[in-house]
file protein-v9.csv (CSV, C-alpha atoms)
chain,number,residue,atom,x,y,z
Y,1408,MET,CA,29.1,-9.9,14.7
Y,1409,SER,CA,32.4,-8.7,13.2
Y,1410,LEU,CA,33.6,-5.1,13.8
Y,1411,ARG,CA,33.0,-4.3,10.2
Y,1412,SER,CA,29.4,-5.6,10.4
Y,1413,SER,CA,28.8,-3.6,13.6
Y,1414,MET,CA,30.1,-0.4,12.0
Y,1415,LEU,CA,27.8,-1.0,9.0
Y,1416,ALA,CA,24.8,-1.6,11.2
Y,1417,LEU,CA,25.6,1.5,13.2
Y,1418,GLY,CA,26.0,3.6,10.0
Y,1419,ALA,CA,22.7,2.4,8.7
Y,1420,ALA,CA,20.9,3.2,12.0
Y,1421,LEU,CA,22.5,6.7,12.1
Y,1422,ALA,CA,21.5,7.3,8.4
Y,1423,LEU,CA,17.9,6.1,9.2
Y,1424,SER,CA,17.8,8.5,12.1
Y,1425,ALA,CA,19.0,11.4,10.0
Y,1426,CYS,CA,16.4,10.7,7.3
Y,1427,ALA,CA,13.7,10.7,9.9
Y,1428,THR,CA,14.5,14.2,10.9
Y,1429,HIS,CA,13.2,15.5,7.6
Y,1430,GLU,CA,9.7,14.5,8.4
Y,1431,ILE,CA,7.8,14.0,11.6
Y,1432,ASP,CA,5.0,11.5,11.6
Y,1433,PHE,CA,2.7,11.6,14.7
Y,1434,GLN,CA,-0.6,10.3,15.7
Y,1435,GLY,CA,-3.2,13.1,15.3
Y,1436,GLU,CA,-1.5,14.9,12.4
Y,1437,GLY,CA,-4.7,15.0,10.4
Y,1438,GLU,CA,-7.2,15.5,13.2
Y,1439,GLY,CA,-9.4,18.6,12.9
Y,1440,VAL,CA,-8.4,19.5,9.4
Y,1441,VAL,CA,-11.0,18.1,6.9
Y,1442,GLY,CA,-11.4,19.6,3.5
Y,1443,GLN,CA,-14.4,19.6,1.1
Y,1444,GLY,CA,-15.5,16.3,-0.4
Y,1445,ALA,CA,-18.5,14.1,-1.0
Y,1446,PRO,CA,-19.3,12.3,2.3
Y,1447,VAL,CA,-19.2,8.5,2.6
Y,1448,GLN,CA,-19.3,6.3,5.7
Y,1449,PRO,CA,-17.2,3.3,6.6
Y,1450,ARG,CA,-19.0,-0.1,6.8
Y,1451,LEU,CA,-16.7,-1.7,9.4
Y,1452,GLU,CA,-13.2,-1.5,11.0
Y,1453,THR,CA,-10.4,-3.6,12.3
Y,1454,PRO,CA,-9.2,-3.7,15.9
Y,1455,SER,CA,-6.5,-1.3,16.8
Y,1456,VAL,CA,-3.0,-2.3,15.9
Y,1457,GLY,CA,-0.9,-3.5,18.8
Y,1458,THR,CA,1.4,-0.5,19.0
Y,1459,ALA,CA,-0.5,1.9,21.2
Y,1460,GLY,CA,-0.2,5.7,21.3
Y,1461,GLN,CA,2.1,6.0,18.3
Y,1462,ASP,CA,1.9,6.6,14.5
Y,1463,ALA,CA,1.9,2.9,13.8
Y,1464,ALA,CA,-0.8,1.6,11.4
Y,1465,ASP,CA,0.2,2.6,7.9
Y,1466,ASP,CA,-0.8,0.7,4.7
Y,1467,PRO,CA,-3.2,-2.1,3.6
Y,1468,ALA,CA,-3.4,-4.5,0.7
Y,1469,ILE,CA,-6.5,-6.5,-0.4
Y,1470,TRP,CA,-6.7,-10.0,-1.9
Y,1471,ALA,CA,-9.9,-11.8,-2.8
Y,1472,SER,CA,-10.8,-15.2,-4.3
Y,1473,ALA,CA,-13.8,-16.6,-6.0
Y,1474,THR,CA,-13.1,-19.8,-4.1
Y,1475,PRO,CA,-13.0,-19.5,-0.3
Y,1476,VAL,CA,-9.6,-20.3,1.3
Y,1477,ARG,CA,-8.4,-21.3,4.7
Y,1478,ILE,CA,-6.3,-19.2,7.0
Y,1479,GLY,CA,-5.8,-21.2,10.2
Y,1480,ASP,CA,-9.2,-22.5,11.2
Y,1481,VAL,CA,-11.1,-19.8,9.3
Y,1482,THR,CA,-12.6,-20.1,5.9
Y,1483,THR,CA,-12.6,-16.7,4.1
Y,1484,PRO,CA,-13.1,-15.3,0.6
Y,1485,GLY,CA,-10.1,-13.1,1.0
Y,1486,PHE,CA,-8.0,-11.1,3.4
Y,1487,VAL,CA,-6.6,-7.7,4.1
Y,1488,ALA,CA,-2.9,-7.3,5.0
Y,1489,GLY,CA,-2.1,-4.2,7.1
Y,1490,THR,CA,1.2,-3.0,8.5
Y,1491,ASP,CA,2.0,-1.9,12.0
Y,1492,LYS,CA,5.2,0.0,11.1
Y,1493,LYS,CA,6.6,-0.4,14.6
Y,1494,ALA,CA,6.0,-4.2,14.9
Y,1495,GLY,CA,5.0,-6.2,11.8
Y,1496,LEU,CA,2.2,-7.4,9.6
Y,1497,TYR,CA,-1.5,-8.1,10.3
Y,1498,ILE,CA,-3.7,-10.4,8.2
Y,1499,TYR,CA,-7.4,-9.5,8.6
Y,1500,GLY,CA,-10.5,-11.1,7.4
Y,1501,LEU,CA,-13.0,-9.3,5.2
Y,1502,ASP,CA,-15.0,-8.8,8.3
Y,1503,GLY,CA,-12.1,-6.9,10.0
Y,1504,THR,CA,-11.2,-9.7,12.4
Y,1505,ILE,CA,-7.5,-10.5,13.0
Y,1506,LEU,CA,-6.6,-13.8,11.4
Y,1507,GLN,CA,-2.8,-13.7,11.9
Y,1508,PHE,CA,0.0,-11.4,13.0
Y,1509,LEU,CA,3.6,-11.7,11.9
Y,1510,PRO,CA,5.9,-9.9,14.3
Y,1511,ASP,CA,8.4,-9.2,11.6
Y,1512,GLY,CA,9.9,-5.7,12.2
Y,1513,LEU,CA,9.4,-2.2,10.8
Y,1514,LEU,CA,7.2,-2.9,7.8
Y,1515,ASN,CA,5.8,0.3,6.2
Y,1516,ASN,CA,4.0,-0.3,2.8
Y,1517,VAL,CA,2.5,-3.6,1.7
Y,1518,ASP,CA,1.1,-5.0,-1.5
Y,1519,VAL,CA,0.0,-8.3,-3.0
Y,1520,VAL,CA,0.3,-10.0,-6.4
Y,1521,GLU,CA,-0.3,-13.3,-8.1
Y,1522,GLY,CA,1.7,-14.8,-11.0
Y,1523,LEU,CA,4.5,-16.9,-9.4
Y,1524,SER,CA,4.6,-20.5,-8.5
Y,1525,VAL,CA,6.7,-22.3,-5.9
Y,1526,ALA,CA,7.3,-26.0,-6.2
Y,1527,GLY,CA,4.6,-26.1,-8.9
Y,1528,ARG,CA,1.9,-24.5,-6.8
Y,1529,PRO,CA,0.6,-21.0,-7.7
Y,1530,GLN,CA,1.2,-18.6,-4.8
Y,1531,VAL,CA,-0.1,-15.3,-3.6
Y,1532,ILE,CA,2.9,-13.1,-3.0
Y,1533,LEU,CA,3.0,-10.3,-0.4
Y,1534,GLY,CA,5.8,-7.7,-0.2
Y,1535,ALA,CA,6.4,-5.0,2.3
Y,1536,SER,CA,9.0,-2.2,2.5
Y,1537,ASP,CA,11.1,-3.1,5.5
Y,1538,ARG,CA,13.0,-0.5,7.6
Y,1539,THR,CA,14.3,-3.0,10.2
Y,1540,PRO,CA,18.1,-2.4,10.7
Y,1541,GLY,CA,20.0,-5.3,9.3
Y,1542,LYS,CA,17.4,-6.3,6.7
Y,1543,THR,CA,16.4,-3.0,5.0
Y,1544,GLY,CA,14.7,-3.6,1.7
Y,1545,VAL,CA,11.6,-5.6,0.8
Y,1546,SER,CA,10.3,-8.5,2.9
Y,1547,LEU,CA,8.5,-11.1,1.0
Y,1548,TYR,CA,5.7,-13.5,2.1
Y,1549,LEU,CA,3.8,-16.4,0.5
Y,1550,PHE,CA,0.2,-17.6,0.9
Y,1551,ASP,CA,-0.8,-20.8,-0.7
Y,1552,PRO,CA,-4.5,-20.4,-1.7
Y,1553,ALA,CA,-4.9,-24.2,-2.1
Y,1554,GLY,CA,-3.4,-25.0,1.3
Y,1555,GLN,CA,-5.3,-26.7,4.0
Y,1556,GLY,CA,-5.4,-26.9,7.8
Y,1557,ASP,CA,-3.3,-24.3,9.5
Y,1558,ASN,CA,-2.4,-22.6,6.2
Y,1559,ALA,CA,-1.1,-19.1,6.8
Y,1560,VAL,CA,0.9,-16.3,5.4
Y,1561,ARG,CA,4.5,-17.2,5.8
Y,1562,PRO,CA,7.9,-15.4,5.4
Y,1563,TRP,CA,9.6,-16.2,2.0
Y,1564,GLY,CA,12.7,-14.0,1.8
Y,1565,GLN,CA,14.1,-10.5,1.1
Y,1566,ILE,CA,14.9,-8.1,-1.8
Y,1567,ALA,CA,18.1,-6.4,-0.7
Y,1568,THR,CA,18.5,-2.7,-1.5
Y,1569,ASP,CA,20.9,0.2,-0.9
Y,1570,VAL,CA,18.0,2.4,0.1
Y,1571,VAL,CA,18.6,3.5,3.7
Y,1572,GLU,CA,14.9,4.0,4.6
Y,1573,PRO,CA,12.5,1.9,2.4
Y,1574,TYR,CA,9.1,3.7,2.4
Y,1575,GLY,CA,6.6,3.2,-0.4
Y,1576,PHE,CA,6.1,-0.2,-2.2
Y,1577,CYS,CA,3.9,-1.7,-4.9
Y,1578,PHE,CA,3.9,-4.7,-7.2
Y,1579,ALA,CA,3.1,-4.6,-10.9
Y,1580,ARG,CA,2.6,-7.2,-13.6
Y,1581,ARG,CA,4.4,-6.4,-16.9
Y,1582,GLY,CA,3.6,-9.2,-19.4
Y,1583,ALA,CA,4.6,-12.4,-17.7
Y,1584,GLU,CA,6.9,-10.6,-15.3
Y,1585,VAL,CA,6.2,-9.6,-11.7
Y,1586,HIS,CA,7.8,-6.3,-10.9
Y,1587,ALA,CA,8.5,-4.9,-7.4
Y,1588,VAL,CA,8.8,-1.1,-7.1
Y,1589,LEU,CA,10.4,0.4,-4.0
Y,1590,VAL,CA,10.3,4.1,-3.1
Y,1591,GLY,CA,12.8,5.4,-0.6
Y,1592,HIS,CA,11.9,8.1,2.0
Y,1593,GLU,CA,14.4,10.5,0.3
Y,1594,GLY,CA,12.9,10.0,-3.1
Y,1595,GLU,CA,14.9,7.0,-4.4
Y,1596,LEU,CA,13.1,4.8,-7.0
Y,1597,ARG,CA,14.2,1.2,-7.4
Y,1598,GLN,CA,12.4,-1.3,-9.7
Y,1599,PHE,CA,13.1,-5.1,-9.6
Y,1600,VAL,CA,11.9,-8.1,-11.6
Y,1601,LEU,CA,11.0,-10.9,-9.1
Y,1602,SER,CA,11.2,-14.6,-9.9
Y,1603,VAL,CA,11.6,-18.0,-8.2
Y,1604,GLY,CA,14.9,-19.8,-8.1
Y,1605,ALA,CA,15.4,-23.5,-8.5
Y,1606,ASP,CA,15.6,-23.8,-4.7
Y,1607,GLY,CA,12.1,-22.2,-4.4
Y,1608,GLN,CA,13.6,-19.0,-3.0
Y,1609,PRO,CA,13.0,-15.5,-4.4
Y,1610,VAL,CA,15.3,-14.0,-6.9
Y,1611,SER,CA,15.3,-10.3,-7.7
Y,1612,ARG,CA,17.0,-8.4,-10.4
Y,1613,GLU,CA,17.2,-4.6,-10.3
Y,1614,VAL,CA,16.1,-3.1,-13.6
Y,1615,ARG,CA,15.7,0.6,-12.8
Y,1616,ARG,CA,17.0,3.2,-10.4
Y,1617,ALA,CA,16.1,6.9,-10.4
Y,1618,ALA,CA,15.7,9.9,-8.2
Y,1619,ILE,CA,12.2,11.2,-7.6
Y,1620,GLY,CA,13.4,14.4,-6.0
Y,1621,SER,CA,12.2,14.7,-2.4
Y,1622,ILE,CA,10.2,12.7,0.2
Y,1623,SER,CA,8.0,10.2,-1.6
Y,1624,GLU,CA,5.9,7.3,-0.7
Y,1625,GLY,CA,2.7,6.4,-2.5
Y,1626,CYS,CA,3.1,4.0,-5.4
Y,1627,ALA,CA,0.5,2.3,-7.6
Y,1628,ALA,CA,0.6,0.6,-11.0
Y,1629,ASP,CA,-2.0,0.7,-13.8
Y,1630,GLU,CA,-0.9,-2.3,-15.8
Y,1631,ALA,CA,-3.4,-1.8,-18.6
Y,1632,SER,CA,-1.8,1.5,-19.6
Y,1633,GLY,CA,1.7,0.6,-18.5
Y,1634,SER,CA,1.7,3.5,-15.9
Y,1635,LEU,CA,3.4,3.8,-12.6
Y,1636,PHE,CA,2.0,6.5,-10.4
Y,1637,ILE,CA,4.2,7.9,-7.5
Y,1638,GLY,CA,3.4,10.5,-5.0
Y,1639,GLU,CA,6.1,13.0,-4.2
Y,1640,GLU,CA,4.6,14.2,-0.9
Y,1641,ASN,CA,5.1,17.9,-1.0
Y,1642,VAL,CA,5.2,18.3,-4.8
Y,1643,GLY,CA,2.4,16.2,-6.4
Y,1644,LEU,CA,1.4,13.2,-8.4
Y,1645,TRP,CA,3.8,11.8,-11.1
Y,1646,ARG,CA,3.2,9.3,-13.9
Y,1647,TYR,CA,6.1,7.1,-14.9
Y,1648,ASP,CA,6.1,4.4,-17.5
Y,1649,LEU,CA,6.3,0.9,-16.1
Y,1650,ASP,CA,8.9,0.1,-18.7
Y,1651,PRO,CA,12.2,0.4,-16.8
Y,1652,ALA,CA,14.0,1.4,-19.9
Y,1653,THR,CA,12.3,4.8,-19.7
Y,1654,GLY,CA,14.4,5.7,-16.7
Y,1655,ASP,CA,13.4,8.9,-14.9
Y,1656,ARG,CA,11.1,10.3,-17.6
Y,1657,ARG,CA,7.8,11.3,-16.1
Y,1658,THR,CA,4.8,13.6,-16.3
Y,1659,LEU,CA,3.3,15.7,-13.5
Y,1660,ILE,CA,-0.3,14.8,-13.3
Y,1661,GLN,CA,-1.4,17.0,-10.5
Y,1662,PRO,CA,0.7,19.4,-8.3
Y,1663,VAL,CA,-0.1,19.9,-4.7
Y,1664,ALA,CA,-2.8,22.6,-4.7
Y,1665,PRO,CA,-5.6,23.7,-2.4
Y,1666,GLY,CA,-8.9,21.8,-3.0
Y,1667,VAL,CA,-7.1,18.9,-4.8
Y,1668,ILE,CA,-4.0,17.7,-3.0
Y,1669,VAL,CA,-3.0,19.2,0.3
Y,1670,ALA,CA,0.5,18.0,1.4
Y,1671,ASP,CA,1.3,15.4,2.3
Y,1672,LEU,CA,0.2,13.3,-0.7
Y,1673,GLU,CA,0.4,9.8,0.9
Y,1674,GLY,CA,-1.2,6.5,-0.3
Y,1675,LEU,CA,-2.2,5.7,-3.9
Y,1676,THR,CA,-4.2,2.8,-5.3
Y,1677,VAL,CA,-5.8,1.8,-8.6
Y,1678,LEU,CA,-9.3,0.2,-8.8
Y,1679,HIS,CA,-10.9,-1.5,-11.8
Y,1680,ASP,CA,-14.7,-1.0,-12.1
Y,1681,GLY,CA,-15.7,-2.9,-15.3
Y,1682,GLU,CA,-14.1,-1.0,-18.2
Y,1683,ALA,CA,-13.4,2.0,-16.0
Y,1684,ARG,CA,-10.2,2.4,-14.0
Y,1685,TYR,CA,-9.7,4.9,-11.1
Y,1686,LEU,CA,-6.7,6.1,-9.2
Y,1687,ILE,CA,-7.5,7.1,-5.6
Y,1688,GLY,CA,-5.1,9.1,-3.5
Y,1689,SER,CA,-4.8,10.2,0.1
Y,1690,SER,CA,-4.5,14.0,0.6
Y,1691,GLN,CA,-3.3,13.7,4.2
Y,1692,GLY,CA,-3.2,17.5,4.8
Y,1693,ASP,CA,-6.9,17.9,4.6
Y,1694,SER,CA,-8.1,14.3,5.2
Y,1695,THR,CA,-9.7,13.9,1.7
Y,1696,PHE,CA,-9.4,11.4,-1.1
Y,1697,PRO,CA,-9.1,12.6,-4.7
Y,1698,VAL,CA,-10.3,10.2,-7.4
Y,1699,TRP,CA,-9.0,10.3,-11.0
Y,1700,ARG,CA,-10.4,8.3,-13.9
Y,1701,ILE,CA,-7.3,6.9,-15.7
Y,1702,ASP,CA,-8.6,4.8,-18.6
Y,1703,GLY,CA,-8.7,7.7,-21.1
Y,1704,PRO,CA,-6.0,9.6,-22.9
Y,1705,ALA,CA,-5.1,11.4,-19.7
Y,1706,PRO,CA,-6.1,11.2,-16.0
Y,1707,VAL,CA,-9.3,13.2,-15.2
Y,1708,LEU,CA,-10.1,14.3,-11.7
Y,1709,LYS,CA,-13.6,13.2,-10.9
Y,1710,GLY,CA,-13.9,14.7,-7.4
Y,1711,ARG,CA,-12.9,14.0,-3.8
Y,1712,PHE,CA,-14.6,12.2,-1.0
Y,1713,VAL,CA,-14.3,12.3,2.8
Y,1714,VAL,CA,-15.1,9.5,5.2
Y,1715,THR,CA,-17.5,10.7,8.0
Y,1716,ASP,CA,-18.9,9.1,11.2
Y,1717,GLY,CA,-21.3,6.3,10.6
Y,1718,VAL,CA,-21.5,2.8,12.0
Y,1719,VAL,CA,-17.9,3.4,13.0
Y,1720,ASP,CA,-16.0,6.7,13.4
Y,1721,ARG,CA,-14.6,8.9,10.6
Y,1722,ILE,CA,-11.2,8.8,9.0
Y,1723,THR,CA,-8.6,11.5,9.2
Y,1724,GLY,CA,-4.9,11.9,8.5
Y,1725,THR,CA,-4.6,8.8,6.3
Y,1726,ASP,CA,-1.2,7.3,5.4
Y,1727,GLY,CA,-2.0,4.3,3.2
Y,1728,LEU,CA,-5.0,2.9,1.4
Y,1729,ASP,CA,-5.8,0.1,-1.1
Y,1730,ALA,CA,-8.8,-0.7,-3.3
Y,1731,LEU,CA,-10.0,-3.8,-5.2
Y,1732,GLY,CA,-12.9,-3.7,-7.7
Y,1733,GLY,CA,-15.3,-6.5,-8.4
Y,1734,PRO,CA,-16.7,-9.0,-5.8
Y,1735,VAL,CA,-14.8,-9.0,-2.5
Y,1736,GLY,CA,-16.8,-11.4,-0.5
Y,1737,GLU,CA,-20.5,-11.1,-0.1
Y,1738,THR,CA,-20.3,-7.9,1.9
Y,1739,PHE,CA,-18.6,-5.9,-0.9
Y,1740,PRO,CA,-20.0,-7.3,-4.2
Y,1741,GLU,CA,-18.7,-4.5,-6.4
Y,1742,GLY,CA,-15.5,-3.5,-4.7
Y,1743,LEU,CA,-13.8,-2.6,-1.4
Y,1744,VAL,CA,-11.5,0.3,-0.3
Y,1745,VAL,CA,-9.5,-0.1,2.9
Y,1746,ILE,CA,-8.1,3.1,4.5
Y,1747,GLN,CA,-5.8,3.7,7.4
Y,1748,ASP,CA,-7.2,5.9,10.1
Y,1749,ASP,CA,-4.8,8.1,12.0
Y,1750,VAL,CA,-7.1,8.8,15.0
Y,1751,ASN,CA,-9.4,6.0,16.0
Y,1752,ASP,CA,-12.2,6.7,18.5
Y,1753,VAL,CA,-11.3,3.7,20.6
Y,1754,GLY,CA,-7.8,2.5,21.2
Y,1755,THR,CA,-5.1,3.4,18.7
Y,1756,GLN,CA,-4.8,3.5,14.9
Y,1757,ASN,CA,-6.6,1.0,12.7
Y,1758,PHE,CA,-8.0,0.3,9.2
Y,1759,LYS,CA,-11.6,1.0,8.0
Y,1760,TYR,CA,-13.5,-0.7,5.2
Y,1761,VAL,CA,-15.5,1.5,2.7
Y,1762,ASP,CA,-17.9,0.0,0.1
Y,1763,TRP,CA,-16.9,1.1,-3.4
Y,1764,ARG,CA,-20.6,1.5,-4.3
Y,1765,ASP,CA,-20.9,4.3,-1.7
Y,1766,ILE,CA,-17.9,6.2,-3.2
Y,1767,ARG,CA,-19.2,5.7,-6.7
Y,1768,ALA,CA,-22.6,7.0,-5.8
Y,1769,ALA,CA,-21.2,10.0,-3.8
Y,1770,LEU,CA,-19.1,11.1,-6.7
Y,1771,ASN,CA,-21.7,10.2,-9.4
Y,1772,LEU,CA,-19.2,8.0,-11.2
call {"tool": "encode", "arguments": {"input": "protein-v9.csv", "output": "structure tokens"}}
result
Amino acid sequence: MSLRSSMLALGAALALSACATHEIDFQGEGEGVVGQGAPVQPRLETPSVGTAGQDAADDPAIWASATPVRIGDVTTPGFVAGTDKKAGLYIYGLDGTILQFLPDGLLNNVDVVEGLSVAGRPQVILGASDRTPGKTGVSLYLFDPAGQGDNAVRPWGQIATDVVEPYGFCFARRGAEVHAVLVGHEGELRQFVLSVGADGQPVSREVRRAAIGSISEGCAADEASGSLFIGEENVGLWRYDLDPATGDRRTLIQPVAPGVIVADLEGLTVLHDGEARYLIGSSQGDSTFPVWRIDGPAPVLKGRFVVTDGVVDRITGTDGLDALGGPVGETFPEGLVVIQDDVNDVGTQNFKYVDWRDIRAALNL
């Protein structure tokens, strides 16, 4: 490595360390503080992530298929990707078992999208915000749903960025385009259009940069309304337009307030339930999950739920979550919500699966 490269790497590491002093994440930060919400119980859980005794598991993403696919020697109707932000990316089955682990560095938020083909084959694209020194940005992965044999999620490339500490991440479809949205720890917003080059490698083009204001992470797109929702952790929930030409224009949907959002506001996800669409957030400060209906003129808060002890233990202190409506395998015929659990009763942090029908019934949706 050249002297200049060494100095750049050192500068990035020092900047990352400085950013980290603005917020302290620790295992157990949500334990014992649970607010009011309609109770639901998880149906199953994943094993603990490999990094023990630390704040490690962070964010999941769900993909499902009407036609079962193969991952290694397992046939499955879908998978859940989940980050261990100290070590890499897990791929879980819809039963919670580990199908694959990619030891790929400090991956924080993960999302999944369809809409791109490589070498003429439609691919499932995974992206994860990556804080690994030397490759900060977004790490990209491919899964070929028509693959056979030892088919697996595989690294594809990177989206480079000037953001020192990549944090939140989400994909969005805008017409025929696939957009990748990166949220930096210090409130940087970067939006890219992602495409495939003639060599089959990813090509990214930055189309928006803006400043959110302070520590931000949660990111979710509602493509039907052209909305981009972002959580500014200690301020509240913002709505931006997905159109990058709108720049930094935004509307505050819900400020941090007792009984609604208790800082930090962490993960965000959008679920389609027939004609209805819902935005679900993680109010980490009181271990609750507010739900807004978003298919009307303006988002409407429908209530909050908490995840209590059941077949597996309760959920507290959640960082990331993801939801997918409609059939998600036979076990979740109307939708699945996967939620990170800060304090697992056995081992270290993990992810828990909640049936959307249980949430819908608890909130009388």
call {"tool": "atom_distance", "arguments": {"input": "protein-v9.csv", "atom1": "CA of Leu1644 in chain Y", "atom2": "CA of Phe1578 in chain Y"}}
result
18.1 Å
call {"tool": "atom_distance", "arguments": {"input": "protein-v9.csv", "atom1": "CA of His1679 in chain Y", "atom2": "CA of Pro1706 in chain Y"}}
result
14.2 Å
call {"tool": "atom_distance", "arguments": {"input": "protein-v9.csv", "atom1": "CA of Pro1529 in chain Y", "atom2": "CA of Glu1630 in chain Y"}}
result
20.4 Å
call {"tool": "closest_residue", "arguments": {"input": "protein-v9.csv", "among": "Y:Val1440, Y:Ala1567, Y:Ile1469, Y:Leu1743", "to": "Ile1722 in chain Y", "atoms": "all atoms listed in the file"}}
result
Y:Val1440
call {"tool": "residues_around", "arguments": {"input": "protein-v9.csv", "residues": "Arg1616 in chain Y", "least_positions_apart": "2", "cutoff": "9 Å", "atoms": "only C-alpha atoms", "output": "ChimeraX atom specification"}}
result
/Y:1595-1598,1613-1614,1618,1651,1654-1655
call {"tool": "closest_residue", "arguments": {"input": "protein-v9.csv", "among": "Y:Thr1723, Y:Thr1539, Y:Asn1641, Y:Gln1448", "to": "Asp1752 in chain Y", "atoms": "only C-alpha atoms"}}
result
Y:Thr1723
call {"tool": "residues_near_point", "arguments": {"input": "protein-v9.csv", "point": "(2.9, 4.1, -0.3)", "cutoff": "12 Å", "atoms": "all atoms listed in the file", "output": "PDB file with C-alpha atoms, keeping the file's coordinate frame"}}
result
ATOM      1  CA  ASP Y1465       0.200   2.600   7.900  1.00  0.00           C
ATOM      2  CA  ASP Y1466      -0.800   0.700   4.700  1.00  0.00           C
ATOM      3  CA  PRO Y1467      -3.200  -2.100   3.600  1.00  0.00           C
ATOM      4  CA  ALA Y1468      -3.400  -4.500   0.700  1.00  0.00           C
ATOM      5  CA  THR Y1490       1.200  -3.000   8.500  1.00  0.00           C
ATOM      6  CA  LEU Y1514       7.200  -2.900   7.800  1.00  0.00           C
ATOM      7  CA  ASN Y1515       5.800   0.300   6.200  1.00  0.00           C
ATOM      8  CA  ASN Y1516       4.000  -0.300   2.800  1.00  0.00           C
ATOM      9  CA  VAL Y1517       2.500  -3.600   1.700  1.00  0.00           C
ATOM     10  CA  ASP Y1518       1.100  -5.000  -1.500  1.00  0.00           C
ATOM     11  CA  ALA Y1535       6.400  -5.000   2.300  1.00  0.00           C
ATOM     12  CA  SER Y1536       9.000  -2.200   2.500  1.00  0.00           C
ATOM     13  CA  PRO Y1573      12.500   1.900   2.400  1.00  0.00           C
ATOM     14  CA  TYR Y1574       9.100   3.700   2.400  1.00  0.00           C
ATOM     15  CA  GLY Y1575       6.600   3.200  -0.400  1.00  0.00           C
ATOM     16  CA  PHE Y1576       6.100  -0.200  -2.200  1.00  0.00           C
ATOM     17  CA  CYS Y1577       3.900  -1.700  -4.900  1.00  0.00           C
ATOM     18  CA  PHE Y1578       3.900  -4.700  -7.200  1.00  0.00           C
ATOM     19  CA  VAL Y1588       8.800  -1.100  -7.100  1.00  0.00           C
ATOM     20  CA  LEU Y1589      10.400   0.400  -4.000  1.00  0.00           C
ATOM     21  CA  VAL Y1590      10.300   4.100  -3.100  1.00  0.00           C
ATOM     22  CA  GLY Y1591      12.800   5.400  -0.600  1.00  0.00           C
ATOM     23  CA  HIS Y1592      11.900   8.100   2.000  1.00  0.00           C
ATOM     24  CA  GLY Y1594      12.900  10.000  -3.100  1.00  0.00           C
ATOM     25  CA  ILE Y1622      10.200  12.700   0.200  1.00  0.00           C
ATOM     26  CA  SER Y1623       8.000  10.200  -1.600  1.00  0.00           C
ATOM     27  CA  GLU Y1624       5.900   7.300  -0.700  1.00  0.00           C
ATOM     28  CA  GLY Y1625       2.700   6.400  -2.500  1.00  0.00           C
ATOM     29  CA  CYS Y1626       3.100   4.000  -5.400  1.00  0.00           C
ATOM     30  CA  ALA Y1627       0.500   2.300  -7.600  1.00  0.00           C
ATOM     31  CA  ALA Y1628       0.600   0.600 -11.000  1.00  0.00           C
ATOM     32  CA  PHE Y1636       2.000   6.500 -10.400  1.00  0.00           C
ATOM     33  CA  ILE Y1637       4.200   7.900  -7.500  1.00  0.00           C
ATOM     34  CA  GLY Y1638       3.400  10.500  -5.000  1.00  0.00           C
ATOM     35  CA  GLU Y1639       6.100  13.000  -4.200  1.00  0.00           C
ATOM     36  CA  GLU Y1640       4.600  14.200  -0.900  1.00  0.00           C
ATOM     37  CA  ASP Y1671       1.300  15.400   2.300  1.00  0.00           C
ATOM     38  CA  LEU Y1672       0.200  13.300  -0.700  1.00  0.00           C
ATOM     39  CA  GLU Y1673       0.400   9.800   0.900  1.00  0.00           C
ATOM     40  CA  GLY Y1674      -1.200   6.500  -0.300  1.00  0.00           C
ATOM     41  CA  LEU Y1675      -2.200   5.700  -3.900  1.00  0.00           C
ATOM     42  CA  THR Y1676      -4.200   2.800  -5.300  1.00  0.00           C
ATOM     43  CA  GLY Y1688      -5.100   9.100  -3.500  1.00  0.00           C
ATOM     44  CA  SER Y1689      -4.800  10.200   0.100  1.00  0.00           C
ATOM     45  CA  THR Y1725      -4.600   8.800   6.300  1.00  0.00           C
ATOM     46  CA  ASP Y1726      -1.200   7.300   5.400  1.00  0.00           C
ATOM     47  CA  GLY Y1727      -2.000   4.300   3.200  1.00  0.00           C
ATOM     48  CA  LEU Y1728      -5.000   2.900   1.400  1.00  0.00           C
ATOM     49  CA  ASP Y1729      -5.800   0.100  -1.100  1.00  0.00           C
ATOM     50  CA  GLN Y1747      -5.800   3.700   7.400  1.00  0.00           C
TER      51      GLN Y1747
END
call {"tool": "decode", "arguments": {"input": "protein-v9.csv", "residues": "range 1703-1708 of chain Y", "atoms": "N, CA and C atoms", "output": "compact mmCIF listing (two decimals), in the first residue's frame"}}
result
# COMPACT_ATOMS: atom_id res chain seq x y z
N GLY Y 1703 -53.50 6.43 1.83
CA GLY Y 1703 -54.45 7.53 1.71
C GLY Y 1703 -53.74 8.85 1.42
N PRO Y 1704 -54.45 9.95 1.58
CA PRO Y 1704 -53.87 11.27 1.31
C PRO Y 1704 -52.66 11.59 2.19
N ALA Y 1705 -52.68 11.07 3.44
CA ALA Y 1705 -51.58 11.31 4.37
C ALA Y 1705 -51.47 10.09 5.29
N PRO Y 1706 -50.26 9.79 5.80
CA PRO Y 1706 -50.11 8.66 6.71
C PRO Y 1706 -50.98 8.82 7.96
N VAL Y 1707 -51.60 7.71 8.38
CA VAL Y 1707 -52.47 7.71 9.56
C VAL Y 1707 -51.95 6.65 10.53
N LEU Y 1708 -51.65 7.06 11.76
CA LEU Y 1708 -51.19 6.12 12.77
C LEU Y 1708 -52.33 5.20 13.18
